[in-house]
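A.B. asks: My structure is stored as input14.txt, with compact mmCIF, C-alpha atoms.
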```
# COMPACT_ATOMS: atom_id res chain seq x y z
CA MET A 1 21.77 237.63 105.27
CA ILE A 2 22.27 240.49 102.81
CA ARG A 3 19.06 242.17 103.97
CA THR A 4 20.13 241.79 107.62
CA ALA A 5 23.53 243.31 106.85
CA LEU A 6 21.88 246.29 105.15
CA ILE A 7 19.60 246.83 108.15
CA VAL A 8 22.59 246.71 110.49
CA LEU A 9 24.52 249.18 108.34
CA ALA A 10 21.54 251.53 108.26
CA LEU A 11 21.26 251.28 112.03
CA TRP A 12 24.92 252.13 112.46
CA ALA A 13 24.59 255.10 110.08
CA ASN A 14 21.63 256.50 112.03
CA VAL A 15 23.38 256.01 115.36
CA ALA A 16 26.60 257.59 114.15
CA GLN A 17 24.72 260.75 113.18
CA ALA A 18 23.00 261.07 116.58
CA ALA A 19 24.23 262.82 119.69
CA CYS A 20 22.85 259.91 121.69
CA ARG A 21 21.29 256.63 120.75
CA GLN A 22 18.28 256.92 123.07
CA ALA A 23 16.58 259.55 125.21
CA LEU A 24 14.88 257.63 128.02
CA ALA A 25 12.62 259.46 130.48
CA LEU A 26 11.06 257.74 133.49
CA GLY A 27 7.80 259.24 134.81
CA LEU A 28 6.90 258.11 138.34
CA ASP A 29 3.36 258.22 139.75
CA VAL A 30 3.23 260.04 143.13
CA SER A 31 -0.53 260.69 143.26
CA GLY A 32 -2.74 260.22 146.32
CA SER A 33 -2.91 256.44 145.91
CA VAL A 34 0.85 256.22 146.63
CA ASP A 35 1.56 256.26 150.37
CA ALA A 36 4.91 257.06 152.00
CA ASP A 37 6.11 253.45 152.06
CA GLU A 38 5.15 252.93 148.41
CA TYR A 39 6.87 256.18 147.45
CA SER A 40 10.08 254.94 149.08
CA LEU A 41 9.76 251.52 147.43
CA GLN A 42 9.35 253.19 144.04
CA MET A 43 12.43 255.41 144.42
CA GLN A 44 14.52 252.57 145.81
CA GLY A 45 13.21 250.32 143.06
CA VAL A 46 14.33 252.67 140.28
CA ALA A 47 17.78 253.00 141.89
CA SER A 48 18.05 249.24 142.25
CA ALA A 49 16.92 248.50 138.68
CA LEU A 50 19.35 251.00 137.17
CA SER A 51 22.20 249.50 139.22
CA ASP A 52 21.46 245.93 138.14
CA PRO A 53 24.49 244.35 136.34
CA ASP A 54 22.49 243.46 133.22
CA VAL A 55 20.98 246.94 133.02
CA LEU A 56 24.45 248.48 133.46
CA MET A 57 25.65 246.33 130.58
CA ALA A 58 22.77 247.46 128.37
CA LEU A 59 23.35 251.11 129.26
CA GLY A 60 27.05 250.80 128.43
CA THR A 61 26.51 249.55 124.90
CA LEU A 62 27.77 252.05 122.30
CA PRO A 63 29.40 254.42 124.83
CA ASN A 64 30.26 256.93 122.10
CA VAL A 65 26.53 257.47 121.52
CA PRO A 66 25.17 256.94 125.03
CA VAL A 67 21.72 256.76 126.50
CA HIS A 68 20.53 260.06 127.97
CA LEU A 69 18.36 259.57 131.06
CA ALA A 70 15.87 261.87 132.82
CA ILE A 71 13.50 261.09 135.70
CA PHE A 72 10.43 263.00 136.89
CA GLU A 73 7.48 262.46 139.21
CA TRP A 74 3.90 263.40 138.48
CA SER A 75 0.41 263.41 139.96
CA GLY A 76 -2.26 265.99 139.10
CA PRO A 77 -2.42 268.02 135.88
CA ASN A 78 -0.26 270.82 137.33
CA TYR A 79 2.25 268.71 139.22
CA GLN A 80 5.28 267.39 137.35
CA ARG A 81 8.58 267.62 139.24
CA LEU A 82 11.97 266.92 137.64
CA ILE A 83 14.10 264.67 139.86
CA GLN A 84 17.01 263.97 137.51
CA PRO A 85 17.64 266.35 134.57
CA TRP A 86 18.95 264.83 131.34
CA ARG A 87 22.25 263.07 131.95
CA PRO A 88 24.30 260.97 129.52
CA VAL A 89 25.12 257.60 131.05
CA THR A 90 28.65 256.58 130.12
CA THR A 91 30.17 255.20 133.34
CA VAL A 92 29.19 253.26 136.44
CA ALA A 93 29.73 256.49 138.36
CA ASP A 94 26.97 258.14 136.32
CA VAL A 95 24.51 255.43 137.35
CA ALA A 96 25.67 255.56 140.98
CA GLY A 97 25.11 259.32 140.99
CA ILE A 98 21.58 258.97 139.64
CA ALA A 99 20.81 256.21 142.16
CA GLN A 100 22.01 258.43 145.00
CA VAL A 101 19.77 261.29 143.81
CA LEU A 102 16.78 258.93 143.87
CA ARG A 103 17.53 257.47 147.30
CA GLN A 104 17.91 260.93 148.84
CA HIS A 105 15.03 262.63 147.04
CA PRO A 106 12.46 264.11 149.48
CA ARG A 107 8.81 263.69 148.74
CA GLY A 108 6.98 266.87 147.80
CA ILE A 109 3.39 267.79 148.53
CA ALA A 110 1.63 266.42 145.48
CA PRO A 111 -2.09 266.64 144.64
CA PRO A 112 -4.06 263.42 145.15
CA THR A 113 -5.32 263.33 141.56
CA THR A 114 -3.94 261.36 138.62
CA GLY A 115 -3.15 263.40 135.51
CA LEU A 116 -1.81 260.90 133.00
CA GLY A 117 -2.45 263.12 129.99
CA ALA A 118 -0.52 265.98 131.57
CA ALA A 119 2.33 263.61 132.47
CA LEU A 120 2.58 262.53 128.84
CA THR A 121 2.64 266.18 127.72
CA TYR A 122 5.44 266.94 130.19
CA GLY A 123 7.36 263.92 128.91
CA ALA A 124 7.00 265.20 125.34
CA ALA A 125 8.44 268.57 126.39
CA LEU A 126 11.41 266.78 127.94
CA MET A 127 11.98 264.82 124.73
CA ALA A 128 12.04 268.07 122.77
CA GLU A 129 15.20 268.95 124.71
CA ARG A 130 16.97 265.96 123.09
CA PRO A 131 16.08 266.29 119.39
CA ASN A 132 19.25 264.60 118.11
CA CYS A 133 18.75 261.30 119.90
CA TRP A 134 18.15 258.34 117.64
CA LYS A 135 15.24 257.04 119.73
CA HIS A 136 12.88 258.67 122.23
CA THR A 137 11.25 256.53 124.91
CA LEU A 138 8.91 257.71 127.66
CA ASP A 139 8.46 255.18 130.46
CA ILE A 140 5.32 255.94 132.52
CA SER A 141 4.67 254.14 135.81
CA GLY A 142 1.18 254.30 137.29
CA ASP A 143 -1.22 252.58 139.67
CA GLY A 144 -4.47 254.24 138.58
CA LYS A 145 -6.51 255.65 135.74
CA ASN A 146 -6.54 259.27 134.65
CA ASN A 147 -9.04 261.26 136.71
CA ALA A 148 -7.97 264.88 136.17
CA GLY A 149 -6.88 267.00 133.23
CA PRO A 150 -6.74 265.85 129.61
CA ARG A 151 -7.17 262.18 128.85
CA PRO A 152 -4.07 260.42 127.51
CA ARG A 153 -5.73 259.88 124.13
CA ASP A 154 -6.43 263.62 123.84
CA VAL A 155 -2.73 264.60 123.90
CA ASP A 156 -1.55 262.08 121.33
CA GLU A 157 -0.79 264.69 118.67
CA ARG A 158 1.62 266.46 121.05
CA LEU A 159 3.80 263.39 121.52
CA GLY A 160 5.63 263.43 118.19
CA ASN A 161 7.51 260.24 117.36
CA MET A 162 8.30 259.17 120.89
CA GLU A 163 7.46 255.70 122.11
CA VAL A 164 5.43 255.45 125.32
CA ASN A 165 5.68 252.30 127.43
CA ALA A 166 3.99 251.69 130.76
CA LEU A 167 4.81 250.01 134.03
CA VAL A 168 1.44 249.12 135.52
CA ILE A 169 1.41 248.80 139.31
CA GLY A 170 -1.61 246.75 140.30
CA ILE A 171 -2.84 244.09 142.65
CA SER A 172 -4.16 240.61 142.08
CA THR A 173 -7.88 239.96 142.47
CA GLN A 174 -7.41 237.94 145.68
CA ASP A 175 -5.41 240.74 147.30
CA ARG A 176 -8.01 243.47 146.78
CA LEU A 177 -9.16 245.04 150.05
CA SER A 178 -11.91 247.23 148.63
CA HIS A 179 -13.80 247.92 145.41
CA GLU A 180 -11.84 251.18 145.07
CA GLU A 181 -8.66 249.26 144.29
CA ILE A 182 -8.13 248.45 140.62
CA GLU A 183 -7.31 244.87 139.74
CA VAL A 184 -4.14 244.54 137.68
CA GLY A 185 -5.85 243.04 134.60
CA GLU A 186 -8.29 245.94 134.35
CA LEU A 187 -5.53 248.52 134.83
CA THR A 188 -3.28 246.85 132.27
CA THR A 189 -6.08 246.88 129.70
CA TYR A 190 -6.62 250.59 130.39
CA PHE A 191 -2.95 251.47 129.91
CA GLN A 192 -2.75 249.41 126.74
CA ALA A 193 -5.78 251.18 125.28
CA GLU A 194 -5.17 254.72 126.53
CA VAL A 195 -1.51 255.32 127.36
CA ILE A 196 1.09 253.34 125.40
CA ARG A 197 1.90 254.31 121.84
CA GLY A 198 4.30 253.33 119.08
CA PRO A 199 4.71 250.15 117.01
CA ASN A 200 6.84 248.44 119.66
CA ALA A 201 5.15 249.88 122.74
CA PHE A 202 4.40 247.52 125.61
CA THR A 203 3.29 247.29 129.24
CA GLU A 204 5.14 245.64 132.10
CA VAL A 205 3.32 244.66 135.30
CA ALA A 206 4.37 244.99 138.93
CA LEU A 207 2.15 243.30 141.49
CA GLY A 208 2.44 246.03 144.09
CA TYR A 209 5.36 248.29 144.91
CA ASP A 210 7.30 245.41 146.48
CA ASP A 211 7.57 244.05 142.93
CA TYR A 212 8.53 247.40 141.38
CA ALA A 213 12.31 246.89 141.11
CA ARG A 214 11.95 243.49 139.41
CA ALA A 215 9.37 244.77 136.93
CA LEU A 216 11.36 247.90 136.07
CA ARG A 217 14.55 245.90 135.57
CA ARG A 218 12.76 243.67 133.08
CA LYS A 219 11.27 246.69 131.36
CA LEU A 220 14.57 248.56 131.07
CA LEU A 221 16.30 245.55 129.55
CA ARG A 222 13.64 245.38 126.86
CA GLU A 223 13.71 249.13 126.18
CA LEU A 224 17.50 249.31 125.99
CA SER A 225 17.99 246.28 123.78
CA ILE A 226 19.60 246.73 120.34
CA PRO A 227 20.67 244.15 117.73
CA ASN A 228 23.52 241.98 118.97
CA LEU A 229 26.52 243.32 117.08
CA SER A 230 29.15 241.96 119.47
CA LEU A 231 29.17 245.38 121.14
CA LEU A 232 29.57 244.16 124.70
CA SER A 233 33.36 244.19 124.71
CA SER A 234 36.17 245.45 126.90
CA ASP A 235 35.57 248.87 125.33
CA ASN A 236 32.27 249.08 127.23
CA PRO A 237 32.99 251.27 130.29
CA LEU A 238 29.98 249.83 132.14
CA ALA A 239 30.87 246.19 131.40
CA VAL A 240 32.35 245.68 134.85
CA TYR A 241 30.31 242.55 135.53
CA GLN A 242 31.26 240.74 132.31
```
In structure tokens, write the structure found in this file.
C.D. replies:
Amino acid sequence: MIRTALIVLALWANVAQAACRQALALGLDVSGSVDADEYSLQMQGVASALSDPDVLMALGTLPNVPVHLAIFEWSGPNYQRLIQPWRPVTTVADVAGIAQVLRQHPRGIAPPTTGLGAALTYGAALMAERPNCWKHTLDISGDGKNNAGPRPRDVDERLGNMEVNALVIGISTQDRLSHEEIEVGELTTYFQAEVIRGPNAFTEVALGYDDYARALRRKLLRELSIPNLSLLSSDNPLAVYQ
């Protein structure tokens, strides 16, 4: 109990000194394997996951040191497009505004290639804009392996102390239509070996873009979790579903 109390006190001290408790950047795959319907499902899925009552509750914890959120899309090595610049999330209106940006965002003309290493490098540059955050988390979604630009493993030294998690968008073996499609187990193994980093890094799986919102919701809840310190109180401006 004494050790737990000391850990909690240390956590509070670190949080109190930070401008935000977590910088969370979402990187969305818009390469050639993502068609128009899948693009829409991905954008709608992010908006839906962020607006989920449990996710709103997690975002609203510690409102005085909020989560800062940024969202970008990526494909080839030279294509990374910022959709939502860094924004502190302190109210339901903040989340609603971000969701509206996503739902109205037009698709650009992206290269067909998949530049995972370049996407990680772009994410690291974004994180450098939030040096005072207590935690830095890059959340990469993808439905294919790197096939252009630097390999993910080759940019590791540029990533600093940020954690990289992955949302793998794959298909089950029985649903494969051609040998060009990557089965979800193979793709998950690739992301675990090549993309994620950090002691608590993990992968979440979506079986197709129809499953994207559910998978991202589950992933966000895990990424946003902190020790239960009875923080979900009436002082939480996002605790409207309590």
A.B. asks: Pick out the residues sitting within 9 Å of Gly198 in chain A, and hand them over as a VMD selection string; count only C-alpha atoms, and ignore anything fewer than 5 positions along from it in its own chain.
C.D. replies: chain A and resid 161 to 165
A.B. asks: Find the residue from A:Leu82, A:Leu62, A:Val95, A:Val195 that sits nearest to Leu28 in chain A; use only C-alpha atoms when measuring.
C.D. replies: A:Leu82
A.B. asks: Name the closest residue to Thr121 in chain A among the candidates A:Asn200, A:Ser141, A:Asn78, A:Gln104; distances are taken between atoms, counting all atoms listed in the file.
C.D. replies: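 Between A:Asn200, A:Ser141, A:Asn78, A:Gln104, the residue approaching Thr121 in chain A most closely is A:Asn78.
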A.B. asks: Please report, as a tab-separated table, each residue of range 158-229 of chain A lying at most 12 Å from range 127-140 of chain A, together with the nearest pair of atoms and the separation in Å rounded to one decimal; use only C-alpha atoms, and order rows by chain and ascending residue number.
C.D. replies:
```
residue	atom	partner	partner_atom	distance
A:Arg158	CA	A:Ala128	CA	10.7
A:Leu159	CA	A:Met127	CA	8.9
A:Gly160	CA	A:Ala128	CA	9.1
A:Asn161	CA	A:His136	CA	7.4
A:Met162	CA	A:His136	CA	4.8
A:Glu163	CA	A:Thr137	CA	4.8
A:Val164	CA	A:Leu138	CA	4.8
A:Asn165	CA	A:Asp139	CA	5.0
A:Ala166	CA	A:Ile140	CA	4.8
A:Leu167	CA	A:Ile140	CA	6.1
A:Val168	CA	A:Ile140	CA	8.4
A:Ile169	CA	A:Ile140	CA	10.6
A:Phe191	CA	A:Ile140	CA	9.8
A:Gln192	CA	A:Ile140	CA	11.9
A:Val195	CA	A:Ile140	CA	8.6
A:Ile196	CA	A:Ile140	CA	8.7
A:Arg197	CA	A:Leu138	CA	9.7
A:Gly198	CA	A:Thr137	CA	9.6
A:Asn200	CA	A:Thr137	CA	10.6
A:Ala201	CA	A:Thr137	CA	9.3
A:Phe202	CA	A:Asp139	CA	9.9
A:Thr203	CA	A:Ile140	CA	9.5
A:Glu204	CA	A:Asp139	CA	10.2
A:Val205	CA	A:Ile140	CA	11.8
A:Leu216	CA	A:Asp139	CA	9.6
A:Lys219	CA	A:Asp139	CA	9.0
A:Leu220	CA	A:Asp139	CA	9.0
A:Arg222	CA	A:Thr137	CA	11.6
A:Glu223	CA	A:Thr137	CA	7.9
A:Leu224	CA	A:Thr137	CA	9.6
A:Ser225	CA	A:Lys135	CA	11.8
A:Ile226	CA	A:Lys135	CA	11.2
```
A.B. asks: Any idea what's packed within 9 Å of Asp143 in chain A, counting only C-alpha atoms, ignoring anything in its chain fewer than 2 positions away? Could you give it as a compact mmCIF listing (two decimals) with C-alpha atoms, in the frame of the given file?
C.D. replies:
```
# COMPACT_ATOMS: atom_id res chain seq x y z
CA ASP A 29 3.36 258.22 139.75
CA SER A 31 -0.53 260.69 143.26
CA SER A 33 -2.91 256.44 145.91
CA VAL A 34 0.85 256.22 146.63
CA SER A 141 4.67 254.14 135.81
CA LYS A 145 -6.51 255.65 135.74
CA LEU A 167 4.81 250.01 134.03
CA VAL A 168 1.44 249.12 135.52
CA ILE A 169 1.41 248.80 139.31
CA GLY A 170 -1.61 246.75 140.30
CA ILE A 182 -8.13 248.45 140.62
CA VAL A 184 -4.14 244.54 137.68
CA LEU A 187 -5.53 248.52 134.83
CA GLY A 208 2.44 246.03 144.09
```
A.B. asks: Mind checking which residues fall within 12 Å of Thr114 in chain A, counting only C-alpha atoms, ignoring those fewer than 2 positions away in the same chain, and posting them as a PDB file with C-alpha atoms, in the coordinates of the input?
C.D. replies:
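Contents of out_19.pdb, as written:
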```
ATOM      1  CA  LEU A  28       6.900 258.110 138.340  1.00  0.00           C
ATOM      2  CA  ASP A  29       3.360 258.220 139.750  1.00  0.00           C
ATOM      3  CA  VAL A  30       3.230 260.040 143.130  1.00  0.00           C
ATOM      4  CA  SER A  31      -0.530 260.690 143.260  1.00  0.00           C
ATOM      5  CA  GLY A  32      -2.740 260.220 146.320  1.00  0.00           C
ATOM      6  CA  SER A  33      -2.910 256.440 145.910  1.00  0.00           C
ATOM      7  CA  VAL A  34       0.850 256.220 146.630  1.00  0.00           C
ATOM      8  CA  GLU A  73       7.480 262.460 139.210  1.00  0.00           C
ATOM      9  CA  TRP A  74       3.900 263.400 138.480  1.00  0.00           C
ATOM     10  CA  SER A  75       0.410 263.410 139.960  1.00  0.00           C
ATOM     11  CA  GLY A  76      -2.260 265.990 139.100  1.00  0.00           C
ATOM     12  CA  PRO A  77      -2.420 268.020 135.880  1.00  0.00           C
ATOM     13  CA  ASN A  78      -0.260 270.820 137.330  1.00  0.00           C
ATOM     14  CA  TYR A  79       2.250 268.710 139.220  1.00  0.00           C
ATOM     15  CA  GLN A  80       5.280 267.390 137.350  1.00  0.00           C
ATOM     16  CA  ALA A 110       1.630 266.420 145.480  1.00  0.00           C
ATOM     17  CA  PRO A 111      -2.090 266.640 144.640  1.00  0.00           C
ATOM     18  CA  PRO A 112      -4.060 263.420 145.150  1.00  0.00           C
ATOM     19  CA  LEU A 116      -1.810 260.900 133.000  1.00  0.00           C
ATOM     20  CA  GLY A 117      -2.450 263.120 129.990  1.00  0.00           C
ATOM     21  CA  ALA A 118      -0.520 265.980 131.570  1.00  0.00           C
ATOM     22  CA  ALA A 119       2.330 263.610 132.470  1.00  0.00           C
ATOM     23  CA  LEU A 120       2.580 262.530 128.840  1.00  0.00           C
ATOM     24  CA  SER A 141       4.670 254.140 135.810  1.00  0.00           C
ATOM     25  CA  GLY A 142       1.180 254.300 137.290  1.00  0.00           C
ATOM     26  CA  ASP A 143      -1.220 252.580 139.670  1.00  0.00           C
ATOM     27  CA  GLY A 144      -4.470 254.240 138.580  1.00  0.00           C
ATOM     28  CA  LYS A 145      -6.510 255.650 135.740  1.00  0.00           C
ATOM     29  CA  ASN A 146      -6.540 259.270 134.650  1.00  0.00           C
ATOM     30  CA  ASN A 147      -9.040 261.260 136.710  1.00  0.00           C
ATOM     31  CA  ALA A 148      -7.970 264.880 136.170  1.00  0.00           C
ATOM     32  CA  GLY A 149      -6.880 267.000 133.230  1.00  0.00           C
ATOM     33  CA  PRO A 150      -6.740 265.850 129.610  1.00  0.00           C
ATOM     34  CA  ARG A 151      -7.170 262.180 128.850  1.00  0.00           C
ATOM     35  CA  PRO A 152      -4.070 260.420 127.510  1.00  0.00           C
TER      36      PRO A 152
END
```
A.B. asks: Determine the nearest neighbour of Ile71 in chain A from the options A:Pro199, A:Gly115, A:Pro85, A:Gly108, counting all atoms listed in the file.
C.D. replies: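 Residue with the minimum atom-to-atom distance to Ile71 in chain A: A:Pro85.
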A.B. asks: Which residue is closest to Ala23 in chain A? Choose from A:Val92, A:Ala124, A:Val46, A:Ala36 and count all atoms listed in the file.
C.D. replies: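 Looking at the shortest contact to Ala23 in chain A, the residue is A:Ala124.
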A.B. asks: How far is it from CA of Met43 in chain A to CA of Arg218 in chain A, in Å with one decimal?
C.D. replies: 16.3 Å
A.B. asks: Give the answer as one residue: which of A:Ile171, A:Ala125, A:Ala96, A:Ala193 has the shortest atom-to-atom distance to Tyr209 in chain A, using all atoms listed in the file?
C.D. replies: A:Ile171
A.B. asks: Quick one, how far is CA of Asp54 in chain A from CA of His105 in chain A?
C.D. replies: 24.8 Å
A.B. asks: Would you please work out which residue, of A:Ala215, A:Gly60, A:Gly27, A:Asp37, is nearest to Val89 in chain A when using all atoms listed in the file?
C.D. replies: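 Using all atoms listed in the file, the shortest distance to Val89 in chain A belongs to A:Gly60.
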A.B. asks: Extract range 204-228 of chain A from the structure I just pasted (atoms: N, CA and C atoms) and return it as a PDB file, in the first residue's frame.
C.D. replies:
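Final output, decode08.pdb:
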```pdb
ATOM      1  N   GLU A 204      -4.206  -3.219 -31.895  1.00  0.00           N
ATOM      2  CA  GLU A 204      -5.638  -3.527 -31.872  1.00  0.00           C
ATOM      3  C   GLU A 204      -6.015  -3.914 -33.295  1.00  0.00           C
ATOM      4  N   VAL A 205      -6.990  -4.789 -33.455  1.00  0.00           N
ATOM      5  CA  VAL A 205      -7.339  -5.318 -34.770  1.00  0.00           C
ATOM      6  C   VAL A 205      -8.764  -4.949 -35.139  1.00  0.00           C
ATOM      7  N   ALA A 206      -8.916  -4.460 -36.379  1.00  0.00           N
ATOM      8  CA  ALA A 206     -10.240  -4.251 -36.968  1.00  0.00           C
ATOM      9  C   ALA A 206     -10.358  -5.192 -38.161  1.00  0.00           C
ATOM     10  N   LEU A 207     -11.414  -5.989 -38.191  1.00  0.00           N
ATOM     11  CA  LEU A 207     -11.639  -6.878 -39.321  1.00  0.00           C
ATOM     12  C   LEU A 207     -12.411  -6.114 -40.402  1.00  0.00           C
ATOM     13  N   GLY A 208     -11.659  -5.331 -41.164  1.00  0.00           N
ATOM     14  CA  GLY A 208     -12.247  -4.499 -42.195  1.00  0.00           C
ATOM     15  C   GLY A 208     -12.648  -3.141 -41.652  1.00  0.00           C
ATOM     16  N   TYR A 209     -12.953  -2.231 -42.562  1.00  0.00           N
ATOM     17  CA  TYR A 209     -13.284  -0.861 -42.155  1.00  0.00           C
ATOM     18  C   TYR A 209     -14.651  -0.761 -41.497  1.00  0.00           C
ATOM     19  N   ASP A 210     -15.520  -1.733 -41.726  1.00  0.00           N
ATOM     20  CA  ASP A 210     -16.811  -1.746 -41.019  1.00  0.00           C
ATOM     21  C   ASP A 210     -16.602  -1.899 -39.514  1.00  0.00           C
ATOM     22  N   ASP A 211     -15.476  -2.483 -39.135  1.00  0.00           N
ATOM     23  CA  ASP A 211     -15.175  -2.750 -37.722  1.00  0.00           C
ATOM     24  C   ASP A 211     -14.274  -1.663 -37.134  1.00  0.00           C
ATOM     25  N   TYR A 212     -13.982  -0.626 -37.898  1.00  0.00           N
ATOM     26  CA  TYR A 212     -12.990   0.367 -37.492  1.00  0.00           C
ATOM     27  C   TYR A 212     -13.395   1.118 -36.230  1.00  0.00           C
ATOM     28  N   ALA A 213     -14.639   1.592 -36.174  1.00  0.00           N
ATOM     29  CA  ALA A 213     -15.080   2.400 -35.024  1.00  0.00           C
ATOM     30  C   ALA A 213     -14.984   1.606 -33.727  1.00  0.00           C
ATOM     31  N   ARG A 214     -15.422   0.343 -33.760  1.00  0.00           N
ATOM     32  CA  ARG A 214     -15.377  -0.493 -32.551  1.00  0.00           C
ATOM     33  C   ARG A 214     -13.942  -0.683 -32.089  1.00  0.00           C
ATOM     34  N   ALA A 215     -13.055  -1.009 -33.056  1.00  0.00           N
ATOM     35  CA  ALA A 215     -11.660  -1.276 -32.699  1.00  0.00           C
ATOM     36  C   ALA A 215     -10.977  -0.018 -32.158  1.00  0.00           C
ATOM     37  N   LEU A 216     -11.243   1.130 -32.783  1.00  0.00           N
ATOM     38  CA  LEU A 216     -10.606   2.358 -32.317  1.00  0.00           C
ATOM     39  C   LEU A 216     -11.124   2.759 -30.934  1.00  0.00           C
ATOM     40  N   ARG A 217     -12.409   2.576 -30.699  1.00  0.00           N
ATOM     41  CA  ARG A 217     -12.951   2.865 -29.368  1.00  0.00           C
ATOM     42  C   ARG A 217     -12.210   2.059 -28.308  1.00  0.00           C
ATOM     43  N   ARG A 218     -12.058   0.785 -28.545  1.00  0.00           N
ATOM     44  CA  ARG A 218     -11.369  -0.090 -27.597  1.00  0.00           C
ATOM     45  C   ARG A 218      -9.916   0.360 -27.409  1.00  0.00           C
ATOM     46  N   LYS A 219      -9.295   0.765 -28.487  1.00  0.00           N
ATOM     47  CA  LYS A 219      -7.905   1.190 -28.441  1.00  0.00           C
ATOM     48  C   LYS A 219      -7.747   2.491 -27.660  1.00  0.00           C
ATOM     49  N   LEU A 220      -8.632   3.454 -27.922  1.00  0.00           N
ATOM     50  CA  LEU A 220      -8.563   4.733 -27.219  1.00  0.00           C
ATOM     51  C   LEU A 220      -8.760   4.565 -25.716  1.00  0.00           C
ATOM     52  N   LEU A 221      -9.680   3.705 -25.334  1.00  0.00           N
ATOM     53  CA  LEU A 221      -9.913   3.491 -23.904  1.00  0.00           C
ATOM     54  C   LEU A 221      -8.668   2.937 -23.222  1.00  0.00           C
ATOM     55  N   ARG A 222      -7.943   2.089 -23.913  1.00  0.00           N
ATOM     56  CA  ARG A 222      -6.713   1.540 -23.340  1.00  0.00           C
ATOM     57  C   ARG A 222      -5.617   2.608 -23.299  1.00  0.00           C
ATOM     58  N   GLU A 223      -5.513   3.405 -24.339  1.00  0.00           N
ATOM     59  CA  GLU A 223      -4.460   4.426 -24.393  1.00  0.00           C
ATOM     60  C   GLU A 223      -4.692   5.556 -23.393  1.00  0.00           C
ATOM     61  N   LEU A 224      -5.943   5.865 -23.128  1.00  0.00           N
ATOM     62  CA  LEU A 224      -6.276   6.994 -22.266  1.00  0.00           C
ATOM     63  C   LEU A 224      -6.400   6.622 -20.795  1.00  0.00           C
ATOM     64  N   SER A 225      -6.288   5.349 -20.486  1.00  0.00           N
ATOM     65  CA  SER A 225      -6.497   4.907 -19.112  1.00  0.00           C
ATOM     66  C   SER A 225      -5.375   5.403 -18.208  1.00  0.00           C
ATOM     67  N   ILE A 226      -5.734   5.784 -16.977  1.00  0.00           N
ATOM     68  CA  ILE A 226      -4.776   6.152 -15.936  1.00  0.00           C
ATOM     69  C   ILE A 226      -5.234   5.467 -14.656  1.00  0.00           C
ATOM     70  N   PRO A 227      -4.385   5.411 -13.622  1.00  0.00           N
ATOM     71  CA  PRO A 227      -4.807   4.767 -12.376  1.00  0.00           C
ATOM     72  C   PRO A 227      -6.099   5.371 -11.847  1.00  0.00           C
ATOM     73  N   ASN A 228      -6.961   4.529 -11.327  1.00  0.00           N
ATOM     74  CA  ASN A 228      -8.245   4.992 -10.798  1.00  0.00           C
ATOM     75  C   ASN A 228      -8.025   5.732  -9.483  1.00  0.00           C
TER      76      ASN A 228
END
```
